[in-house]
Each structure stands twice: as structure tokens, then as C-alpha cells.
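Below is one structure, written out as C-alpha cells; the observations come after it.
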Amino acid sequence: MQSKEREKYRDDAVTIDDIEVREVAEKCLAFRWSFPDEATFRNELRETAAAEAHDAQGQIVLTEHGHTPEMEGLIFSRLLRQTAQWVEVRTAFTNILSPHSDLIQKTAEIKDKKAKLEQKRKHLTEYLTQEWEEQKAGFKQDREEAAKAEEKYNRLYERNGNRHAKIVKLGLYLPALALIGMVEWLINWEAANSLFAQPYLAAGIVIVVAMAVAAASHEHGTLAKQWSHRCGFAANPSTRSRNYTALGFTTLLFIAAMTLVGYMRYKLAFNDLMGASAFGGNNPFGARGSIGEVYTAVAMTLMGNLIVWLLGAMVAYWFHDSDPDFAEARVHHLKASKRFNAWKQRMAKARHEREQQLTMEIEQEENTLNSRVKQGRLLVDMVEQVHDHEEFLHGRLKEVVDEYLKTYRRNLLGLVKSENLSASFLDMEKGEMTPLEYESHSVEIPGEFLKKRMEFGPIIERRAAERRTTEEALA
């Protein structure tokens, strides 16, 4: 390393030999497992499994992880033997950095804090959402309601041919109904005022008639547009019954209103055409009229009322959607989205403020790390690299160990089945198992257990050496 790089490994207390650190770290990072020849080892697995099956004498006792004694002894002694070398290399790396353990730990804590702040800034929206759900009941409720409303509307949107629902614009619809009421007023005011001769009473009656015609126009026009959904076969019986009842009441209301209008028009026409001399009326024809002329005048005025009703029904038909649930879902969706959008605007503001705060904290931690570069930051990076490499080695070793454990079990069970050996397997927790039950039993080694076995690699190596020496002596 250059002299400037050498300074990065110094602090006020101790100076580390950077060349030695580099050599030890490179040994750690260059370490790889050297597994036995696959064909040779698989053949040894078959032979050992065959010997264990014949020597079992009817029952094989399993370890806590489902391994047979010979299975564990052979595979672990061969595959974990190298862990002694890894522990030796890693221990050398740990020892050379041990004088700076406090420095490395503090620097690692700062790096970890900075990484957590960066992660929080990256997923700030998720953090804020979770925080607001816990602290603000209205936010969670409006968010869930908006999501449900959107899901329901999208489902109906596809069902209705990917078109948006038609929403009644009350700013146009209510004035249209009011205009219909005004026309109805003009048509019926003269008859009501002439009949009752009291302006307030006449006005009240005309208003009631106008409201009845407007209500009938609305209900009849809307029902005609939404007939299949409200009264057709697609509607459920309760919905049909409810809408038929509403149609009956509305129709009766319209008939009652037209009956009252007909009576008022009849009295007015009768007085004008038939009773001029008797009631002092002014006969426009200059002479006494016939009853047929009275009926004709009443029919014409009633026709005007019917035209007003029909126009109102057409307006209701144009303004409403054919699917009432679709229109209602869109209104609900828009309202729920509006409420949640208000929350989102507040969240965007809070997110911007929190992001600025996190950025400032991250910059402070970065400055702290930069000030520690000459003391230990590169050492921490090296420790992390060695740790990641150890995790890689552990994963690769577990993969190979699990594969050979399953291979050994297949050989053992295959031999038991092919030669019809009366063998059973005794598990401390599950009790006695048949070969078929043991075949479905997991033999994968737990990760934490494998790490512990790796730590005891030197002991395993010594035991294996002693065993080989004993076997050679007996041979």
C-alpha cells in the first residue's frame, strides 16, 4: 500500500501493520472449500449406507436432526474437516484487528446508523404510512375506504364495457326540475286561483301539484333508464319489490295530481263555457257552450300537464346512468378519493420535511465517518467483506452437506427396500418410523447448527484424525 493508505490504519493508540492486515484479509477472501471427488465420495456413501443397513439389526437410532450415526459421521467428518482451516484463517484476521475492536465497533455503529437512515429515507412513504396508520385513525379509515371504493368501481367499470359511469350533475338537474315546476305553475295557476279565490291556498295547491309532477317525472324517467337493474330479471326479488312499490306510489301520486288538475280545469272551463249567465262568467265564444267543448278544454290543458311530465321524465332519463350501482360506486369512489387525496397532500408536505431532516442527519453521519477514515472506516469495510465471504462459505457448505445427506438417505432406503430388510428408524420425538415415513422426514441441517459445527471444526478434525489412526492400527 501507499504511505497515505497506510495512514488510514492508524489511530492515536496503536498502529497496525497494513501489509500484514492485507495479507490476512486476502487469505480470508481467497479461501474456498475443496470438496472430495464427487464420484468417489458418492461411491463411499453407498458403501457406508449398505454397511449401516446390514449392521442395524432391525432398528437405526436417529439424531435430533434425523441423521443416522454413520451418515453424520461420514459426511460431517469429510465436509467439515476444512472448517478448521477457515477458523484458523479467520481467527488470525480477528486477532490482528483485536487491538482496535472498540474503534471498529464504534465506526460500524455509525455506518449502520447511516445505512438505516438511508433506508428510511428510501422507503419514507412506507414509514409515514405505517406511522400515520398508528397515530391517525382517520387516515387509515379513509385510505382503506378509498382502496375498497376504487377496487369496486374498477370491477364495475370492466363489467360495463370499460366506460365511466354517468353521474347526475345536480347543478343542472335540479334547475331542470325547478323549471318543470315553474311551467306546471303557469299551466295550473289560473285554474287554482279561479276555483279557490284565495291566492295563498291556490299557490300551495299549485306548488304541491308541481312537486308531484316533478317527482313523478324523476322516478318514471329514472326507472325507465334503469329498468333491467331495478325491476328486471337481473335484480334480486327484494330490489324488484322495493322498486315496484316506489313505482306504484309515484304513479298514484301523479294520478292524484292530474285528477286535481282535471277537476280545477273542469270547473274553470264549465264556468266559462256553460255557466256564463249563471255565474257571471265571460264566455269567449259569445254564447253558451256545450259540454263537449268543456271536455275538450279540460283535455287540452291536461295534455299540457302530460307534456310537462314527459319532458321531466326525458330529462331524468338523460341524466341518469343505466346501472344505478355503477353510478353510486363512482360517486363513492370520487368522494373517498377526494378525502384521501387531502391526506396525501398533508403527507407529501410531511414527507418533504422529514426527508430534509433525514438528509441532514445522513450528512452528519457521513461527516463523522469521513473524520474516522484515518482511524477505522476502511477496517470496518474489510471486516464486512470478510463477514460476507463467511456467509457465502456457509451457504455453499450447507448446500453441499444437505445434498449428500439426502443422497445417503436415498441409498440407505433403497437398500432396505430392495433387500427387504426389516429395519425401522427411531426418532426421539416422533418415535419409531417406517422406511416410508423416514423418506418424507427432513434431513436438511439447520443453518445455526451448521455454524456451530463449523466453529468446532478443529475438534472435528482432531477426532477424525484419531479415528483414522485407530482404524489403521486395527487394520
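Going through the C-alpha cells in order, the chains are called A, B, and so on, while each chain numbers its residues from 1 and the ligands are numbered from 1 in the order shown.
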Contacts of range 338-413 of chain A with range 66-85 of chain A up to 12 Å, shortest pair per row, only C-alpha atoms, as JSON lines:
```
{"residue": "A:Glu390", "atom": "CA", "partner": "A:Thr83", "partner_atom": "CA", "distance": 10.9}
{"residue": "A:Leu393", "atom": "CA", "partner": "A:Thr83", "partner_atom": "CA", "distance": 9.8}
{"residue": "A:His394", "atom": "CA", "partner": "A:Thr83", "partner_atom": "CA", "distance": 9.8}
{"residue": "A:Arg396", "atom": "CA", "partner": "A:Leu79", "partner_atom": "CA", "distance": 11.2}
{"residue": "A:Leu397", "atom": "CA", "partner": "A:Leu79", "partner_atom": "CA", "distance": 7.8}
{"residue": "A:Lys398", "atom": "CA", "partner": "A:Leu79", "partner_atom": "CA", "distance": 9.8}
{"residue": "A:Glu399", "atom": "CA", "partner": "A:Leu79", "partner_atom": "CA", "distance": 11.2}
{"residue": "A:Val400", "atom": "CA", "partner": "A:Leu79", "partner_atom": "CA", "distance": 8.3}
{"residue": "A:Val401", "atom": "CA", "partner": "A:Ile75", "partner_atom": "CA", "distance": 7.1}
{"residue": "A:Asp402", "atom": "CA", "partner": "A:Ile75", "partner_atom": "CA", "distance": 9.7}
{"residue": "A:Glu403", "atom": "CA", "partner": "A:Ile75", "partner_atom": "CA", "distance": 10.3}
{"residue": "A:Tyr404", "atom": "CA", "partner": "A:Ile75", "partner_atom": "CA", "distance": 7.2}
{"residue": "A:Leu405", "atom": "CA", "partner": "A:Met71", "partner_atom": "CA", "distance": 7.0}
{"residue": "A:Lys406", "atom": "CA", "partner": "A:Met71", "partner_atom": "CA", "distance": 9.8}
{"residue": "A:Thr407", "atom": "CA", "partner": "A:Met71", "partner_atom": "CA", "distance": 9.9}
{"residue": "A:Tyr408", "atom": "CA", "partner": "A:Met71", "partner_atom": "CA", "distance": 6.6}
{"residue": "A:Arg409", "atom": "CA", "partner": "A:Met71", "partner_atom": "CA", "distance": 8.0}
{"residue": "A:Arg410", "atom": "CA", "partner": "A:Met71", "partner_atom": "CA", "distance": 11.3}
{"residue": "A:Asn411", "atom": "CA", "partner": "A:Met71", "partner_atom": "CA", "distance": 10.7}
{"residue": "A:Leu412", "atom": "CA", "partner": "A:Met71", "partner_atom": "CA", "distance": 9.4}
{"residue": "A:Leu413", "atom": "CA", "partner": "A:Thr68", "partner_atom": "CA", "distance": 11.8}
```
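Proximity to Lys338 in chain A at 12 Å, evaluated using only C-alpha atoms and with sequence-adjacent residues fewer than 2 positions away removed, yields A:Asp142, A:Arg143, A:Glu145, A:Ala146, A:Ala149, A:Glu150, A:Val331, A:His332, A:His333, A:Leu334, A:Lys335, A:Ala336, A:Phe340, A:Asn341, A:Ala342, A:Trp343, A:Lys344, A:Gln345.
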Produce a file of the selected residues containing N, CA and C atoms, as a PDB file, in the first residue's frame.
```pdb
ATOM      1  N   ASP A 142     -59.813   6.338   5.913  1.00  0.00           N
ATOM      2  CA  ASP A 142     -60.017   6.921   4.582  1.00  0.00           C
ATOM      3  C   ASP A 142     -59.178   6.206   3.532  1.00  0.00           C
ATOM      4  N   ARG A 143     -57.976   5.761   3.893  1.00  0.00           N
ATOM      5  CA  ARG A 143     -57.138   5.057   2.926  1.00  0.00           C
ATOM      6  C   ARG A 143     -57.760   3.715   2.547  1.00  0.00           C
ATOM      7  N   GLU A 145     -60.920   2.891   2.845  1.00  0.00           N
ATOM      8  CA  GLU A 145     -62.180   3.123   2.140  1.00  0.00           C
ATOM      9  C   GLU A 145     -61.930   3.515   0.688  1.00  0.00           C
ATOM     10  N   ALA A 146     -60.923   4.354   0.443  1.00  0.00           N
ATOM     11  CA  ALA A 146     -60.594   4.748  -0.926  1.00  0.00           C
ATOM     12  C   ALA A 146     -60.133   3.546  -1.740  1.00  0.00           C
ATOM     13  N   ALA A 149     -63.235   1.403  -2.469  1.00  0.00           N
ATOM     14  CA  ALA A 149     -64.103   2.067  -3.446  1.00  0.00           C
ATOM     15  C   ALA A 149     -63.498   1.981  -4.847  1.00  0.00           C
ATOM     16  N   GLU A 150     -62.185   2.154  -4.938  1.00  0.00           N
ATOM     17  CA  GLU A 150     -61.524   2.059  -6.251  1.00  0.00           C
ATOM     18  C   GLU A 150     -61.612   0.646  -6.814  1.00  0.00           C
ATOM     19  N   VAL A 331     -69.629   7.691  -7.584  1.00  0.00           N
ATOM     20  CA  VAL A 331     -69.769   8.808  -6.645  1.00  0.00           C
ATOM     21  C   VAL A 331     -69.003   8.502  -5.352  1.00  0.00           C
ATOM     22  N   HIS A 332     -69.152   7.272  -4.869  1.00  0.00           N
ATOM     23  CA  HIS A 332     -68.447   6.870  -3.652  1.00  0.00           C
ATOM     24  C   HIS A 332     -66.940   6.907  -3.867  1.00  0.00           C
ATOM     25  N   HIS A 333     -66.505   6.450  -5.035  1.00  0.00           N
ATOM     26  CA  HIS A 333     -65.079   6.436  -5.350  1.00  0.00           C
ATOM     27  C   HIS A 333     -64.519   7.854  -5.390  1.00  0.00           C
ATOM     28  N   LEU A 334     -65.228   8.760  -6.028  1.00  0.00           N
ATOM     29  CA  LEU A 334     -64.756  10.143  -6.126  1.00  0.00           C
ATOM     30  C   LEU A 334     -64.701  10.809  -4.754  1.00  0.00           C
ATOM     31  N   LYS A 335     -65.715  10.572  -3.943  1.00  0.00           N
ATOM     32  CA  LYS A 335     -65.728  11.188  -2.613  1.00  0.00           C
ATOM     33  C   LYS A 335     -64.617  10.611  -1.729  1.00  0.00           C
ATOM     34  N   ALA A 336     -64.476   9.275  -1.761  1.00  0.00           N
ATOM     35  CA  ALA A 336     -63.430   8.652  -0.949  1.00  0.00           C
ATOM     36  C   ALA A 336     -62.043   9.087  -1.416  1.00  0.00           C
ATOM     37  N   PHE A 340     -59.122  11.051   0.707  1.00  0.00           N
ATOM     38  CA  PHE A 340     -57.776  10.505   0.857  1.00  0.00           C
ATOM     39  C   PHE A 340     -56.725  11.393   0.206  1.00  0.00           C
ATOM     40  N   ASN A 341     -57.089  12.076  -0.879  1.00  0.00           N
ATOM     41  CA  ASN A 341     -56.145  12.999  -1.523  1.00  0.00           C
ATOM     42  C   ASN A 341     -55.772  14.148  -0.586  1.00  0.00           C
ATOM     43  N   ALA A 342     -56.734  14.559   0.238  1.00  0.00           N
ATOM     44  CA  ALA A 342     -56.412  15.593   1.227  1.00  0.00           C
ATOM     45  C   ALA A 342     -55.344  15.082   2.198  1.00  0.00           C
ATOM     46  N   TRP A 343     -55.480  13.805   2.601  1.00  0.00           N
ATOM     47  CA  TRP A 343     -54.451  13.201   3.450  1.00  0.00           C
ATOM     48  C   TRP A 343     -53.115  13.111   2.717  1.00  0.00           C
ATOM     49  N   LYS A 344     -53.162  12.759   1.435  1.00  0.00           N
ATOM     50  CA  LYS A 344     -51.933  12.605   0.657  1.00  0.00           C
ATOM     51  C   LYS A 344     -51.190  13.933   0.533  1.00  0.00           C
ATOM     52  N   GLN A 345     -51.936  15.023   0.385  1.00  0.00           N
ATOM     53  CA  GLN A 345     -51.287  16.334   0.321  1.00  0.00           C
ATOM     54  C   GLN A 345     -50.587  16.663   1.638  1.00  0.00           C
TER      55      GLN A 345
END
```
Tell me which protein, DNA and RNA residues are within 10 Å of range 244-250 of chain A, counting only C-alpha atoms, leaving out same-chain ones fewer than 2 positions away, and put them as a PyMOL selection string.
chain A and resi 212-213+215-220+223+230-231+238-242+252-256
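Going from CA of Gly204 in chain A to CA of Ala192 in chain A covers 9.5 Å.
In this model, the gap between CA of His320 in chain A and CA of Asn305 in chain A comes to 22.8 Å.
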Would you compute the distance between CA of Arg159 in chain A and CA of Arg339 in chain A? Give it in Å to one decimal.
26.1 Å
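Using only C-alpha atoms, the protein and nucleic acid residues lying no more than 12 Å from Glu353 in chain A, apart from those fewer than 5 places from it along its own chain, are Arg121, Leu124, Leu128, Arg346, Met347, Ala348, Leu358, Thr359 and Met360 of chain A.
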